[in-house]
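A.B. asks: Okay, here's the structure, questions in a sec.
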Amino acid sequence: MESAVADDSEGGDPFPLTYGDFDATAPRWSRDGNRIAYVSNESGNTALWVLEFPGARRMRVEASQRRFQGVVGTLQLTVVDRAGHRLPARISLTTAEGRGYAPDDVWRHADEAFDRSERQFEYPYFHSSGTAAVTVPAGPVHVEVWRGPEYRVFRADASVPPGGLVTRRIMLERIDDQPARGWWSGDVHVHMNYGGAYRNTPPHLAFQARAEDLHVVENLIVNKEQRIPDMAYFRTDADPVSTPTFLLRHAQEFHTSVWGHMGLLGLTSHYLLPEYAGYPNTAAASLVLTNATVADLAHAQGALVGYVHPFDTKPDPADTTAPLYYELPVDVALGKVDYLEVMGYSDHLITSEIWYRLLNCGFRLPAAAGTDAFPNFASLRGPPGLVRVFVNSGARLNHAAWLAGLKAGRTFVTNAPLLEFSLAGHPIGDEIRLPVGSHRLTGRVRLRSTVAIDHLEIVGNGKVVATIPLRGDRMTATDSVSIPVSASGWYVLRAYSDRAEMPVLDLYPFASTSPIYVRVEGQPVRSAADAAFFVRWIDRIEAATRASTAWNTPAEQAQVLQLLARSRAVFTR
């Protein structure tokens, strides 16, 4: 944790003055040199403290009186479901210019990625247990309430009189009940604490997840430089805050600087160390600890291994202007990858293109989704569950069954659209076996969304094979389409929009199912062009490996070259 420190004016080492499992930041000395004011998050939220020195008597600075720039009033909100039960939710309150307001005692958050040509301020929000009392400027206030993709977004304006109290009871309409059909949503990539203004804990992270209507959180414990902030929370069973309908699991992200980041879900014995490889000027500077090795260690504990936040820009093996190390195709070829974050802190369509190429080479790679959320930040990309994976794992929430469903590909990923897809009566993740010849298979699709969608498509072997028309508000669709099939392949249903749509705090609304596979006369799925793409990719990794000097011994480099040769042989076959 960060500490308030006293610096030696002659250049000596910093001298810590605060200790504890929290952050003490922004220290300022008093003029007489006897006190230090600083910001602490030891209570979870931020607070101003003063430390007397010497002696270290501490005093919290409390605001006993507030003076407002203008006339204010109070807005009291209660969020309920149709039966009148109180619902946790994410709430955004803004005035006409876009400035945000929140209760005094909550963690305030905002989405940092906003277009100043569209709005003056970041999109603000806070999580609520179902009630909130907020001091706001007198006049109109815009209210927006979100509770994940299974509830309709609530939007309304309230007029708050000067010095008055306005009470609003908000009923959220449910557009779907996925758990009732055995589909449970989860975010496979959350970092409970990773820098940030606030100090998060399992109970508070569970509170944030409930407000997002999220059922599984995989807290990926990971290094922050050479610290591992949440290491003390690691355990191989469910965190005690878990309930029959919510699971918090403490998992791991392996954080190499060169080979790509991986999620390790369901470790059954211990946390893997070292936590990273390829960090210059450390004992882990060598590149020999490849992701393949780490995947083997995780699999030995029965864990699932996945690649996380893959691509913001299109990888091009033909571009030789910079070294290419990213190990994804190597490990997929060698059978070491159980899932891919098709949705993550990345561009979903660009990631999908690489995913399609791997599927075209015959690899069965399920879709997962991980926000890479930093829920103890005040301003960053978004909360847990911004992107999520729905897994069909049964009537009751069970982590082993949920991971098994993920590995089996009984999934769809989304940040808003909800998808249903079957092909010839077979569900997502299934395989259809056909005799040689020409066939026509009926695809049944359904879309429900909380925001407008521009495209709803069936993709087969990397190409759009059917487009489903969207009418009216473009939030719903139900259709059947006939798809010609004469060769082995795979099919997914995807939905997306052309631009961002609030309150989805992402590049654009997007959703995709995992594939339904078709095998004709037992023939595997193959694409010479896509295999050649990955051969060129591995050639680039090999060139970078040969050029690198980040090895302790020549044998380490030779070990990695052998790994690359094995994976290249898979693609060349």
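Residues are referred to by chain and number: the chain letter is A, B, ... according to the order shown in the structure tokens, the number counts from 1 in that chain, and ligands are numbered separately from 1 in the order shown.
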Can you tell me which residues surround A:Arg433 at a distance of at most 8 Å, considering only C-alpha atoms, apart from same-chain residues fewer than 4 positions away, and format the answer as a list in words?

C.D. replies: Val518, Arg519, Val520, Glu521 and Gly522 of chain A

A.B. asks: Those residues you just picked out, can you put them in a file as a compact mmCIF listing (two decimals), in the first residue's frame with all heavy atoms?

C.D. replies:
# COMPACT_ATOMS: atom_id res chain seq x y z
N VAL A 518 -20.40 -27.95 -37.12
CA VAL A 518 -20.97 -28.89 -38.09
C VAL A 518 -19.83 -29.74 -38.65
O VAL A 518 -18.80 -29.19 -39.08
CB VAL A 518 -21.69 -28.16 -39.24
CG1 VAL A 518 -22.16 -29.17 -40.29
CG2 VAL A 518 -22.86 -27.35 -38.70
N ARG A 519 -19.99 -31.04 -38.62
CA ARG A 519 -18.99 -31.93 -39.19
C ARG A 519 -19.65 -32.79 -40.26
O ARG A 519 -20.60 -33.54 -39.97
CB ARG A 519 -18.34 -32.81 -38.12
CG ARG A 519 -17.34 -33.81 -38.69
CD ARG A 519 -16.42 -34.36 -37.63
NE ARG A 519 -15.45 -33.35 -37.20
CZ ARG A 519 -14.29 -33.66 -36.62
NH1 ARG A 519 -13.96 -34.93 -36.40
NH2 ARG A 519 -13.46 -32.72 -36.25
N VAL A 520 -19.19 -32.66 -41.49
CA VAL A 520 -19.73 -33.39 -42.63
C VAL A 520 -18.81 -34.56 -42.95
O VAL A 520 -17.62 -34.36 -43.24
CB VAL A 520 -19.89 -32.46 -43.85
CG1 VAL A 520 -20.38 -33.26 -45.06
CG2 VAL A 520 -20.84 -31.32 -43.53
N GLU A 521 -19.36 -35.76 -42.87
CA GLU A 521 -18.62 -36.99 -43.18
C GLU A 521 -17.32 -37.08 -42.40
O GLU A 521 -16.29 -37.57 -42.89
CB GLU A 521 -18.34 -37.07 -44.69
CG GLU A 521 -17.96 -38.44 -45.23
CD GLU A 521 -19.07 -39.49 -45.06
OE1 GLU A 521 -20.25 -39.12 -44.89
OE2 GLU A 521 -18.74 -40.68 -45.12
N GLY A 522 -17.35 -36.58 -41.17
CA GLY A 522 -16.20 -36.71 -40.30
C GLY A 522 -15.01 -35.85 -40.66
O GLY A 522 -13.94 -35.96 -40.04

A.B. asks: Env of A:Val492: 6 Å cut, atoms = only C-alpha atoms, seq-sep filter 4 positions within chain, self excluded. Answer as a list in words.

C.D. replies: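 What passes the distance filter is Ile458, Val459, Thr513 and Pro515 of chain A.
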
A.B. asks: Got a sec: who's within 10 Å of stretch 273-276 of chain A, counting only C-alpha atoms, leaving out chain neighbours fewer than 2 positions off, as a PyMOL selection string?

C.D. replies: chain A and resi 221-223+225-228+252-258+261+270-271+278-279+283-285+287+289-291+294

A.B. asks: In Å to one decimal, how far is atom CA of A:Val79 from atom CA of A:Trp183?

C.D. replies: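 That distance, rounded to one decimal, is 24.4 Å.
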
A.B. asks: Can you list, as a compact mmCIF listing (two decimals) with N, CA, C and O atoms, in the first residue's frame, every protein, DNA or RNA residue that comes within 10 Å of A:Gly70 when you count only C-alpha atoms, leaving out same-chain residues fewer than 4 positions away?

C.D. replies:
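Once everything was written out, this is result_39.txt:
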# COMPACT_ATOMS: atom_id res chain seq x y z
N VAL A 136 -29.00 17.89 -4.91
CA VAL A 136 -28.79 18.28 -6.30
C VAL A 136 -29.17 19.75 -6.47
O VAL A 136 -29.92 20.31 -5.67
N PRO A 137 -28.68 20.41 -7.52
CA PRO A 137 -29.13 21.77 -7.79
C PRO A 137 -30.63 21.80 -8.07
O PRO A 137 -31.18 20.87 -8.69
N ALA A 138 -31.30 22.83 -7.59
CA ALA A 138 -32.73 22.96 -7.87
C ALA A 138 -32.94 23.08 -9.38
O ALA A 138 -32.16 23.71 -10.09
N PRO A 162 -36.41 24.46 -5.10
CA PRO A 162 -35.42 24.98 -4.15
C PRO A 162 -35.76 24.60 -2.71
O PRO A 162 -36.88 24.82 -2.24

A.B. asks: Using only C-alpha atoms, which residues sit within 9 Å of stretch 296-311 of chain A once same-chain residues fewer than 4 positions away are excluded, as a VMD selection string?

C.D. replies: chain A and resid 189 253 260 to 270 272 291 to 292 315 328 336 to 348 350 to 351 354 368 to 372 403 407

A.B. asks: Find the residues near A:Val330: any atom within 8 Å, counting only C-alpha atoms, skip ones fewer than 5 places away on the same chain, and give them as number ranges by chain.

C.D. replies: A: 538, 563-564, 567-568

A.B. asks: Just list as a ChimeraX atom specification whatever in stretch 76-193 of chain A DSSP marks as strand (DSSP E or B).

C.D. replies: /A:76-80,86,89-94,100-101,109-111,123-128,131-137,139-146,151,154-160,165-171,174,183-190

A.B. asks: Could I get the residues of stretch 453-544 of chain A with an atom no further than 12 Å from an atom of stretch 141-151 of chain A, each paired with its nearest atom pair and that distance in Å to one decimal, using only C-alpha atoms, sorted by chain and residue number, as a tab-separated table?

C.D. replies:
residue	atom	partner	partner_atom	distance
A:Met475	CA	A:Pro149	CA	11.7
A:Met502	CA	A:Glu144	CA	9.8
A:Pro503	CA	A:Trp146	CA	7.4
A:Val504	CA	A:Trp146	CA	9.2
A:Leu505	CA	A:Trp146	CA	11.2
A:Pro509	CA	A:Pro149	CA	10.9
A:Phe510	CA	A:Pro149	CA	11.6
A:Ala511	CA	A:Pro149	CA	11.0

A.B. asks: Pick out the closest residue to A:Leu248 from this set: A:Gly196, A:Pro124, A:Gly462, A:Gly186. Count only C-alpha atoms.

C.D. replies: A:Gly186
